[in-house]
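J.: My file is start-v2.cif. It has mmCIF, C-alpha atoms and all ligand atoms:
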data_upload
#
loop_
_atom_site.label_atom_id
_atom_site.label_comp_id
_atom_site.auth_asym_id
_atom_site.auth_seq_id
_atom_site.Cartn_x
_atom_site.Cartn_y
_atom_site.Cartn_z
CA MET B 1 -26.99 66.18 12.39
CA GLY B 2 -29.11 67.89 15.06
CA LYS B 3 -28.01 70.18 17.80
CA ALA B 4 -25.90 68.85 20.67
CA LEU B 5 -27.42 68.86 24.16
CA LEU B 6 -23.96 69.30 25.64
CA SER B 7 -20.92 70.63 23.87
CA VAL B 8 -17.56 70.77 25.58
CA ASP B 9 -15.29 72.98 23.47
CA ASN B 10 -11.59 73.42 23.84
CA LEU B 11 -11.80 72.88 27.60
CA GLU B 12 -8.57 73.31 29.50
CA VAL B 13 -8.46 72.44 33.21
CA GLY B 14 -5.45 72.27 35.48
CA PHE B 15 -4.82 71.65 39.18
CA GLU B 16 -2.30 73.52 41.31
CA THR B 17 -0.12 70.88 42.95
CA ASP B 18 3.13 70.91 44.94
CA GLN B 19 4.88 69.82 41.74
CA GLY B 20 3.39 72.71 39.74
CA LEU B 21 0.31 72.94 37.53
CA ALA B 22 -1.05 69.54 36.49
CA ARG B 23 -2.52 70.10 33.04
CA VAL B 24 -5.33 67.59 33.38
CA LEU B 25 -7.68 68.45 30.50
CA ASP B 26 -5.81 69.70 27.45
CA HIS B 27 -8.30 71.47 25.18
CA VAL B 28 -10.89 68.73 25.20
CA ASN B 29 -13.76 68.63 22.70
CA PHE B 30 -16.77 66.49 23.27
CA ASP B 31 -20.47 66.44 22.29
CA ILE B 32 -23.58 64.65 23.47
CA MET B 33 -26.76 64.69 21.41
CA PRO B 34 -30.23 64.58 23.02
CA GLY B 35 -31.02 61.03 24.13
CA GLU B 36 -27.55 59.76 23.30
CA ILE B 37 -25.56 57.47 25.61
CA VAL B 38 -21.89 58.34 25.33
CA GLY B 39 -19.04 56.46 26.93
CA LEU B 40 -16.01 58.44 28.00
CA VAL B 41 -13.37 55.78 28.12
CA GLY B 42 -9.81 55.89 29.33
CA GLU B 43 -7.35 54.59 31.85
CA SER B 44 -7.24 55.72 35.46
CA GLY B 45 -6.03 59.32 35.72
CA CYS B 46 -6.90 60.35 32.13
CA GLY B 47 -9.33 62.99 33.40
CA LYS B 48 -12.80 61.39 33.22
CA THR B 49 -13.92 62.50 36.67
CA THR B 50 -12.37 65.92 36.16
CA LEU B 51 -14.44 66.38 33.00
CA ALA B 52 -17.58 65.15 34.81
CA ARG B 53 -16.93 67.54 37.70
CA ALA B 54 -16.27 70.45 35.35
CA ILE B 55 -19.64 69.87 33.69
CA LEU B 56 -21.38 69.64 37.07
CA GLY B 57 -19.54 72.74 38.31
CA VAL B 58 -18.03 70.95 41.30
CA LEU B 59 -14.28 71.15 40.69
CA PRO B 60 -12.36 71.93 43.90
CA GLN B 61 -12.29 75.72 44.06
CA ASN B 62 -8.94 76.07 45.79
CA SER B 63 -6.90 74.04 43.31
CA ALA B 64 -8.73 73.75 39.97
CA ARG B 65 -8.08 76.29 37.20
CA ILE B 66 -10.29 76.44 34.12
CA SER B 67 -8.12 78.39 31.72
CA ALA B 68 -9.89 77.98 28.37
CA GLY B 69 -12.98 76.67 26.69
CA SER B 70 -16.70 76.42 27.23
CA ILE B 71 -19.30 73.90 28.35
CA THR B 72 -22.50 74.63 26.45
CA PHE B 73 -25.62 72.94 27.77
CA GLN B 74 -28.98 73.70 26.17
CA GLY B 75 -27.40 76.75 24.57
CA ARG B 76 -25.89 78.23 27.77
CA ASN B 77 -22.22 78.23 28.69
CA LEU B 78 -22.29 76.64 32.15
CA LEU B 79 -18.98 78.31 32.96
CA ASP B 80 -20.81 81.67 32.89
CA VAL B 81 -23.80 80.54 34.96
CA SER B 82 -23.83 81.76 38.57
CA LYS B 83 -23.04 79.24 41.32
CA LYS B 84 -26.50 79.73 42.78
CA ASP B 85 -28.24 79.11 39.47
CA LEU B 86 -26.09 76.03 38.85
CA ALA B 87 -26.86 74.62 42.29
CA SER B 88 -30.59 75.19 42.25
CA ASN B 89 -31.53 74.81 38.59
CA VAL B 90 -28.89 72.79 36.76
CA ARG B 91 -27.09 70.35 39.04
CA GLY B 92 -29.41 67.62 40.27
CA LYS B 93 -32.22 68.98 38.09
CA LEU B 94 -31.30 69.29 34.41
CA ILE B 95 -28.12 67.28 34.91
CA SER B 96 -28.07 64.57 37.55
CA PHE B 97 -25.33 62.32 38.76
CA ILE B 98 -24.80 58.64 39.57
CA PRO B 99 -21.67 58.09 41.64
CA GLN B 100 -19.27 55.17 41.68
CA ASP B 101 -19.91 54.23 45.28
CA PRO B 102 -23.54 54.70 46.27
CA LEU B 103 -22.97 53.86 49.93
CA SER B 104 -20.83 56.91 50.50
CA SER B 105 -23.47 59.08 48.78
CA PHE B 106 -26.12 58.15 51.34
CA ASN B 107 -26.10 59.45 54.87
CA PRO B 108 -25.91 56.34 57.11
CA VAL B 109 -28.06 57.78 59.91
CA PHE B 110 -31.24 58.53 57.91
CA THR B 111 -33.59 56.12 56.17
CA ILE B 112 -33.47 55.88 52.40
CA GLY B 113 -37.02 57.25 52.28
CA SER B 114 -36.21 60.40 54.24
CA GLN B 115 -33.19 61.06 52.00
CA ILE B 116 -35.16 60.58 48.80
CA MET B 117 -37.97 62.83 50.04
CA GLU B 118 -35.42 65.50 50.98
CA LEU B 119 -34.11 65.28 47.42
CA MET B 120 -37.67 65.63 46.11
CA LYS B 121 -38.31 68.67 48.27
CA TRP B 122 -35.66 70.57 46.34
CA LYS B 123 -35.33 68.78 43.03
CA SER B 124 -38.71 67.31 42.15
CA PRO B 125 -40.09 68.55 38.81
CA ASP B 126 -42.77 70.36 40.87
CA ALA B 127 -40.29 72.14 43.14
CA PRO B 128 -40.39 75.90 42.64
CA ALA B 129 -37.12 77.48 41.42
CA SER B 130 -34.73 78.43 44.22
CA LYS B 131 -36.45 79.43 47.41
CA PRO B 132 -34.22 79.35 50.49
CA PHE B 133 -37.04 78.63 52.99
CA MET B 134 -39.38 76.50 50.98
CA ARG B 135 -42.40 74.82 52.54
CA TYR B 136 -42.95 71.28 51.46
CA ASN B 137 -46.71 71.04 51.63
CA LYS B 138 -48.66 67.83 52.02
CA SER B 139 -50.11 67.69 48.52
CA ARG B 140 -46.67 68.08 46.93
CA GLN B 141 -45.25 65.47 49.31
CA ASP B 142 -48.02 63.05 48.35
CA SER B 143 -47.54 63.47 44.61
CA ASP B 144 -43.75 63.25 44.99
CA LYS B 145 -44.09 60.07 47.08
CA LYS B 146 -46.16 58.53 44.31
CA ARG B 147 -43.48 59.51 41.79
CA VAL B 148 -40.83 57.88 43.96
CA LEU B 149 -42.78 54.62 44.33
CA ASP B 150 -43.46 54.48 40.58
CA LEU B 151 -39.82 54.99 39.78
CA LEU B 152 -38.70 52.36 42.29
CA LYS B 153 -40.85 49.91 40.36
CA THR B 154 -39.25 51.07 37.11
CA VAL B 155 -35.79 50.31 38.48
CA GLN B 156 -37.06 46.90 39.61
CA LEU B 157 -37.30 47.56 43.33
CA PRO B 158 -40.86 46.27 43.75
CA ASP B 159 -41.37 46.63 47.53
CA GLY B 160 -40.88 50.39 47.36
CA GLU B 161 -42.47 51.19 50.75
CA GLY B 162 -40.25 48.58 52.40
CA VAL B 163 -37.09 49.90 50.72
CA LEU B 164 -37.89 53.47 51.77
CA ARG B 165 -38.09 52.40 55.44
CA LYS B 166 -34.62 50.87 55.33
CA TYR B 167 -31.24 52.40 56.10
CA PRO B 168 -28.64 52.50 53.31
CA HIS B 169 -26.57 49.66 54.79
CA GLU B 170 -29.65 47.40 54.89
CA VAL B 171 -29.88 47.02 51.10
CA SER B 172 -27.43 45.30 48.75
CA GLY B 173 -24.89 47.10 46.55
CA GLY B 174 -26.93 46.37 43.43
CA GLN B 175 -30.11 47.68 45.08
CA ARG B 176 -28.29 50.82 46.20
CA GLN B 177 -27.18 51.43 42.63
CA ARG B 178 -30.78 50.91 41.43
CA LEU B 179 -31.78 53.54 44.00
CA MET B 180 -29.12 55.87 42.61
CA ILE B 181 -30.52 55.42 39.11
CA ALA B 182 -34.01 56.18 40.44
CA MET B 183 -32.74 59.24 42.28
CA ALA B 184 -30.95 60.46 39.17
CA LEU B 185 -34.17 60.14 37.16
CA LEU B 186 -36.57 61.63 39.71
CA PRO B 187 -35.87 65.29 38.85
CA GLU B 188 -36.62 64.41 35.19
CA PRO B 189 -33.20 65.57 33.99
CA ARG B 190 -32.08 65.95 30.38
CA MET B 191 -28.75 64.33 31.13
CA ILE B 192 -27.28 61.90 33.64
CA ILE B 193 -23.58 61.75 34.37
CA ALA B 194 -22.72 58.26 35.56
CA ASP B 195 -19.11 58.19 36.75
CA GLU B 196 -17.97 54.55 36.73
CA PRO B 197 -21.37 53.57 38.19
CA THR B 198 -20.71 49.85 38.39
CA THR B 199 -17.05 49.42 39.30
CA ALA B 200 -17.97 48.71 42.94
CA LEU B 201 -20.29 45.85 41.94
CA ASP B 202 -19.62 42.26 40.99
CA VAL B 203 -19.70 41.39 37.32
CA THR B 204 -23.17 39.84 37.02
CA ILE B 205 -24.80 42.70 38.91
CA GLN B 206 -22.79 45.18 36.80
CA ALA B 207 -24.36 43.86 33.62
CA GLN B 208 -27.90 44.11 35.07
CA ILE B 209 -27.36 47.68 36.25
CA LEU B 210 -25.89 48.79 32.91
CA LYS B 211 -28.80 47.24 31.06
CA LEU B 212 -31.23 48.97 33.38
CA LEU B 213 -29.48 52.31 32.95
CA ARG B 214 -29.68 51.96 29.19
CA THR B 215 -33.35 50.91 29.21
CA VAL B 216 -34.58 53.71 31.46
CA SER B 217 -32.55 56.36 29.62
CA VAL B 218 -33.76 55.25 26.21
CA GLU B 219 -37.37 55.12 27.44
CA ARG B 220 -37.15 58.66 28.74
CA GLY B 221 -34.89 60.13 26.06
CA VAL B 222 -32.34 61.14 28.69
CA SER B 223 -28.73 61.55 27.55
CA VAL B 224 -26.09 59.72 29.56
CA LEU B 225 -22.43 60.53 29.93
CA PHE B 226 -20.98 57.27 31.17
CA THR B 227 -17.37 57.26 32.25
CA THR B 228 -15.51 53.99 32.46
CA HIS B 229 -12.11 52.40 32.08
CA ASP B 230 -13.93 49.24 31.00
CA LEU B 231 -14.39 48.98 27.23
CA GLY B 232 -16.68 45.98 27.71
CA ALA B 233 -19.04 48.07 29.82
CA ALA B 234 -19.00 50.82 27.19
CA TYR B 235 -19.84 48.25 24.53
CA GLU B 236 -22.85 47.08 26.58
CA ILE B 237 -24.63 50.39 26.74
CA CYS B 238 -23.15 53.19 24.64
CA ASP B 239 -24.29 54.64 21.33
CA LYS B 240 -20.99 56.44 20.97
CA VAL B 241 -17.58 56.18 22.57
CA THR B 242 -14.98 58.89 23.15
CA VAL B 243 -11.50 57.82 24.15
CA MET B 244 -9.28 59.97 26.30
CA TYR B 245 -5.59 59.58 26.87
CA ALA B 246 -3.81 61.67 29.52
CA GLY B 247 -6.29 64.53 29.33
CA GLN B 248 -6.68 64.62 25.53
CA GLU B 249 -9.59 63.15 23.63
CA VAL B 250 -8.09 61.12 20.78
CA GLU B 251 -10.98 59.42 18.99
CA SER B 252 -14.75 59.44 19.01
CA ALA B 253 -17.06 57.14 17.07
CA PRO B 254 -20.42 55.37 17.14
CA SER B 255 -19.93 52.13 19.10
CA SER B 256 -20.27 49.93 16.03
CA LYS B 257 -17.40 51.72 14.28
CA PHE B 258 -15.38 52.17 17.39
CA PHE B 259 -15.19 48.46 18.07
CA SER B 260 -14.94 47.28 14.46
CA ASN B 261 -12.80 49.97 12.91
CA PRO B 262 -10.76 51.86 15.51
CA LYS B 263 -8.23 54.26 14.03
CA HIS B 264 -6.16 55.89 16.74
CA PRO B 265 -3.03 53.93 17.73
CA TYR B 266 -4.00 54.29 21.40
CA THR B 267 -7.55 53.02 20.80
CA ILE B 268 -6.17 50.06 18.89
CA LYS B 269 -3.78 49.22 21.73
CA LEU B 270 -6.55 49.64 24.27
CA LEU B 271 -8.73 47.16 22.40
CA GLN B 272 -5.83 44.74 22.11
CA SER B 273 -5.36 44.91 25.86
CA LEU B 274 -8.84 43.44 26.44
CA PRO B 275 -8.79 39.85 27.65
CA SER B 276 -9.71 37.44 24.87
CA HIS B 277 -9.80 33.71 24.33
CA ALA B 278 -8.08 34.06 21.00
CA LYS B 279 -4.79 35.47 22.15
CA ASP B 280 -2.75 36.70 25.07
CA ILE B 281 -3.45 40.07 26.55
CA GLN B 282 -1.12 42.69 25.11
CA GLY B 283 -0.15 45.59 27.35
CA ILE B 284 0.78 49.04 26.11
CA PRO B 285 4.55 49.59 26.44
CA GLY B 286 5.60 52.65 28.41
CA GLN B 287 3.84 54.58 31.15
CA ILE B 288 1.06 57.11 31.50
CA PRO B 289 2.82 60.50 31.64
CA SER B 290 2.92 62.87 34.58
CA LEU B 291 0.46 65.68 33.92
CA THR B 292 2.67 68.29 35.59
CA ASN B 293 5.19 67.62 32.86
CA ALA B 294 3.03 66.23 30.07
CA PRO B 295 4.47 65.43 26.64
CA THR B 296 3.97 68.17 24.07
CA GLY B 297 1.81 67.64 20.99
CA CYS B 298 -0.08 64.37 21.08
CA ARG B 299 0.46 63.10 24.61
CA PHE B 300 0.49 59.51 23.40
CA HIS B 301 3.49 60.05 21.11
CA PRO B 302 6.19 58.72 23.50
CA ARG B 303 4.37 55.36 23.57
CA CYS B 304 3.25 55.29 19.94
CA SER B 305 5.02 53.09 17.43
CA ASN B 306 3.70 55.28 14.59
CA ALA B 307 4.91 58.58 16.03
CA THR B 308 6.82 61.03 13.82
CA PRO B 309 8.57 64.26 14.88
CA LYS B 310 5.39 66.16 13.96
CA CYS B 311 3.50 64.37 16.75
CA SER B 312 5.60 65.97 19.49
CA GLY B 313 5.54 69.37 17.79
CA GLU B 314 1.81 69.97 17.75
CA ARG B 315 -1.43 68.34 18.74
CA PRO B 316 -3.18 66.79 15.74
CA PRO B 317 -6.35 68.67 14.77
CA ILE B 318 -9.74 66.98 14.79
CA THR B 319 -10.30 65.07 11.54
CA LEU B 320 -13.77 63.94 10.59
CA LEU B 321 -13.30 60.50 9.04
CA ASP B 322 -16.91 59.92 8.23
CA ASN B 323 -20.25 60.47 9.81
CA GLU B 324 -19.56 61.06 13.53
CA HIS B 325 -16.17 59.34 13.54
CA THR B 326 -13.51 61.85 14.58
CA LEU B 327 -9.84 61.35 15.15
CA ARG B 328 -6.82 63.29 16.35
CA CYS B 329 -3.84 61.60 14.75
CA PHE B 330 -1.36 62.65 12.05
CA ASN B 331 -0.58 59.10 11.06
CA SER B 332 -3.85 57.22 10.95
CA ASP B 333 -3.23 56.36 7.29
CA THR B 334 -0.19 54.39 8.29
CA VAL B 335 -1.86 52.64 11.21
CA SER B 336 -2.96 49.18 10.34
CA ASN B 337 -5.68 47.90 12.59
CA SER B 338 -7.66 45.36 10.61
CA GLU B 339 -5.47 42.39 11.29
CA GLU B 340 -4.48 43.60 14.76
CA THR B 341 -7.90 43.92 16.32
CA THR B 342 -9.67 40.94 14.91
N1 LIG N 401 -7.96 67.97 43.28
C1 LIG N 401 -6.92 67.57 42.55
N2 LIG N 401 -5.69 68.11 42.74
C2 LIG N 401 -4.64 67.73 41.99
N3 LIG N 401 -4.69 66.80 41.01
C3 LIG N 401 -5.87 66.23 40.78
C4 LIG N 401 -7.05 66.58 41.53
N4 LIG N 401 -8.09 65.82 41.07
C5 LIG N 401 -7.57 65.06 40.08
N5 LIG N 401 -6.26 65.31 39.91
C6 LIG N 401 -5.38 64.67 38.91
O1 LIG N 401 -6.01 64.78 37.66
C7 LIG N 401 -5.78 63.63 36.88
C8 LIG N 401 -7.09 63.09 36.38
O2 LIG N 401 -7.85 62.64 37.48
P1 LIG N 401 -9.31 62.09 37.30
O3 LIG N 401 -9.81 61.74 38.67
O4 LIG N 401 -10.09 63.05 36.51
O5 LIG N 401 -9.04 60.78 36.45
P2 LIG N 401 -10.03 59.60 36.08
O6 LIG N 401 -9.90 59.39 34.62
O7 LIG N 401 -11.38 59.88 36.64
O8 LIG N 401 -9.37 58.35 36.83
P3 LIG N 401 -10.08 57.09 37.53
O9 LIG N 401 -10.39 56.10 36.44
O10 LIG N 401 -9.00 56.56 38.44
O11 LIG N 401 -11.28 57.57 38.28
C9 LIG N 401 -5.00 62.67 37.75
O12 LIG N 401 -3.64 62.79 37.42
C10 LIG N 401 -5.26 63.18 39.14
O13 LIG N 401 -4.17 62.90 39.97
MG MG N 402 -12.61 58.91 37.98
#
Would you write out, as structure tokens, the structure that this file holds?
Ligand SMILES: Nc1ncnc2c1ncn2[C@@H]1O[C@H](COP(=O)(O)OP(=O)(O)OP(=O)(O)O)[C@@H](O)[C@H]1O
Ligand SMILES: [Mg+2]
T.:
Amino acid sequence: MGKALLSVDNLEVGFETDQGLARVLDHVNFDIMPGEIVGLVGESGCGKTTLARAILGVLPQNSARISAGSITFQGRNLLDVSKKDLASNVRGKLISFIPQDPLSSFNPVFTIGSQIMELMKWKSPDAPASKPFMRYNKSRQDSDKKRVLDLLKTVQLPDGEGVLRKYPHEVSGGQRQRLMIAMALLPEPRMIIADEPTTALDVTIQAQILKLLRTVSVERGVSVLFTTHDLGAAYEICDKVTVMYAGQEVESAPSSKFFSNPKHPYTIKLLQSLPSHAKDIQGIPGQIPSLTNAPTGCRFHPRCSNATPKCSGERPPITLLDNEHTLRCFNSDTVSNSEETT
């Protein structure tokens, strides 16, 4: 296997809260290869956005505590990179971001065009590395404008000039998300973090946007970290899926194996909870734990029908089942999934 573009190793992140320290990411391990589209899947509150924000270096400074681990991107530990360097050379350049709600990411009082050109001033591939008072000369503006119009066509917004003259509220939700994809690609990044990019859209538009995101990323060889609570969405676009439960990654596998041969008891339950014609939806008994007082060992053990005393004593190590399929469970041998998930 080649070298990962991004490697999150042993990452521990907590938040100071009135109830004490919420241990939100508990020694998380996670890799993305160049050009790979990886789904980070888990229920609300499992830490997907926290992981995305840690990678982007935008965790809230007053409350977040990174107490262990590293985030290696192109060979550099981003946790050691200066804030200035991160802001001018990494975030929005090498790693770009597609938010959940594009409307709140645009400023309502400026046209889309002026906001995209402001982005290009700082983040275009031709922009010089950090200069506080940079001139944006005409020839660079012209070549950047051409780039923008080309990319708007790529994301299937054909009347680019017309779109650029509009205000954010004058285009539809789906068009705004297409704009977000274009804006994420414009700096020619190596990786895009898309944090639940389609949850604000209706289902048919969701499918179009996911397909578009996959097509443009594959064409350009850009890696995508796609967070979602929606396994169906992950199935649509991901090469690989990593499942998180309450701040711990529990299983990671290529999509084909993940959906046909899941091994972790939580993954199996999660797949069973998908709506299906064949049978009734099955929920997962019990509740997501509080992260200020998280269960010891494997955090899923209080809800796991396979749990043994060992599961509360220590966190299962990472086991490599076969090529790229990893699992953190002491009892996977005793978990039967074949008849349960079909
Ligand atoms: N600034 C903060 N201060 C305290 N706790 C926080 C903060 N941000 C997140 N948390 C807590 O961290 C946990 C993980 O939150 P996070 O937003 O990462 O989850 P998520 O998986 O993205 O959920 P969702 O699917 O709802 O977006 C939650 O319990 C949340 O309450
Ligand atoms: Mg989130």
J.: Mind listing the residues within 8 Å of ligand LIG 401 (chain N), all atoms listed in the file counted, as an NGL selection string?
T.: :B and (14-17 or 22-25 or 42-52 or 59-60 or 63-64 or 195-196 or 227-229 or 246-247 or 290-291)
J.: In Å, how far is it from CA of Ala207 in chain B to CA of Ile268 in chain B?
T.: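 Calculated distance between CA of Ala207 in chain B and CA of Ile268 in chain B is 24.2 Å.
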J.: What's around Arg220 in chain B at 12 Å? Count only C-alpha atoms, leave out sequence neighbours fewer than 2 positions away in its own chain, and write the answer as a PyMOL selection string.
T.: chain B and resi 34-36+151+154+185-186+188-192+213-218+222-224
J.: Hey, which of B:Ala182, B:Val28, B:Leu78, B:Ala194 ends up closest to ligand MG 402 (chain N)? Count all atoms listed in the file.
T.: B:Ala194
J.: For ligand MG 402 (chain N), which residue out of B:Pro108, B:Gly174, B:Pro197, B:Gly69 is the nearest one, using all atoms listed in the file?
T.: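 Answer, going by the shortest atom-to-atom distance: B:Pro197.
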J.: Considering all atoms listed in the file, return as a list in words whatever protein or nucleic-acid residues lie within 10 Å of range 254-261 of chain B, sequence-local ones (same chain, fewer than 6 positions apart) excluded.
T.: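 Residues near the query, excluding close chain neighbours: Val38, Gly39, Leu231, Ala234, Tyr235, Glu236, Ile237, Cys238, Asp239, Lys240, Val241, Thr242, Val243, Thr267, Ile268, Leu271, Asn323, Glu324, His325, Thr326, Asn337, Ser338, Thr341 and Thr342 of chain B.
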J.: When you look at Lys153 in chain B with a cut-off of 12 Å (counting only C-alpha atoms), what residues show up, excluding the ones that are within fewer than 6 positions of it in the same chain? I need them as a PyMOL selection string.
T.: chain B and resi 146-147+159-161+163+175+178-179+181-182+212+216
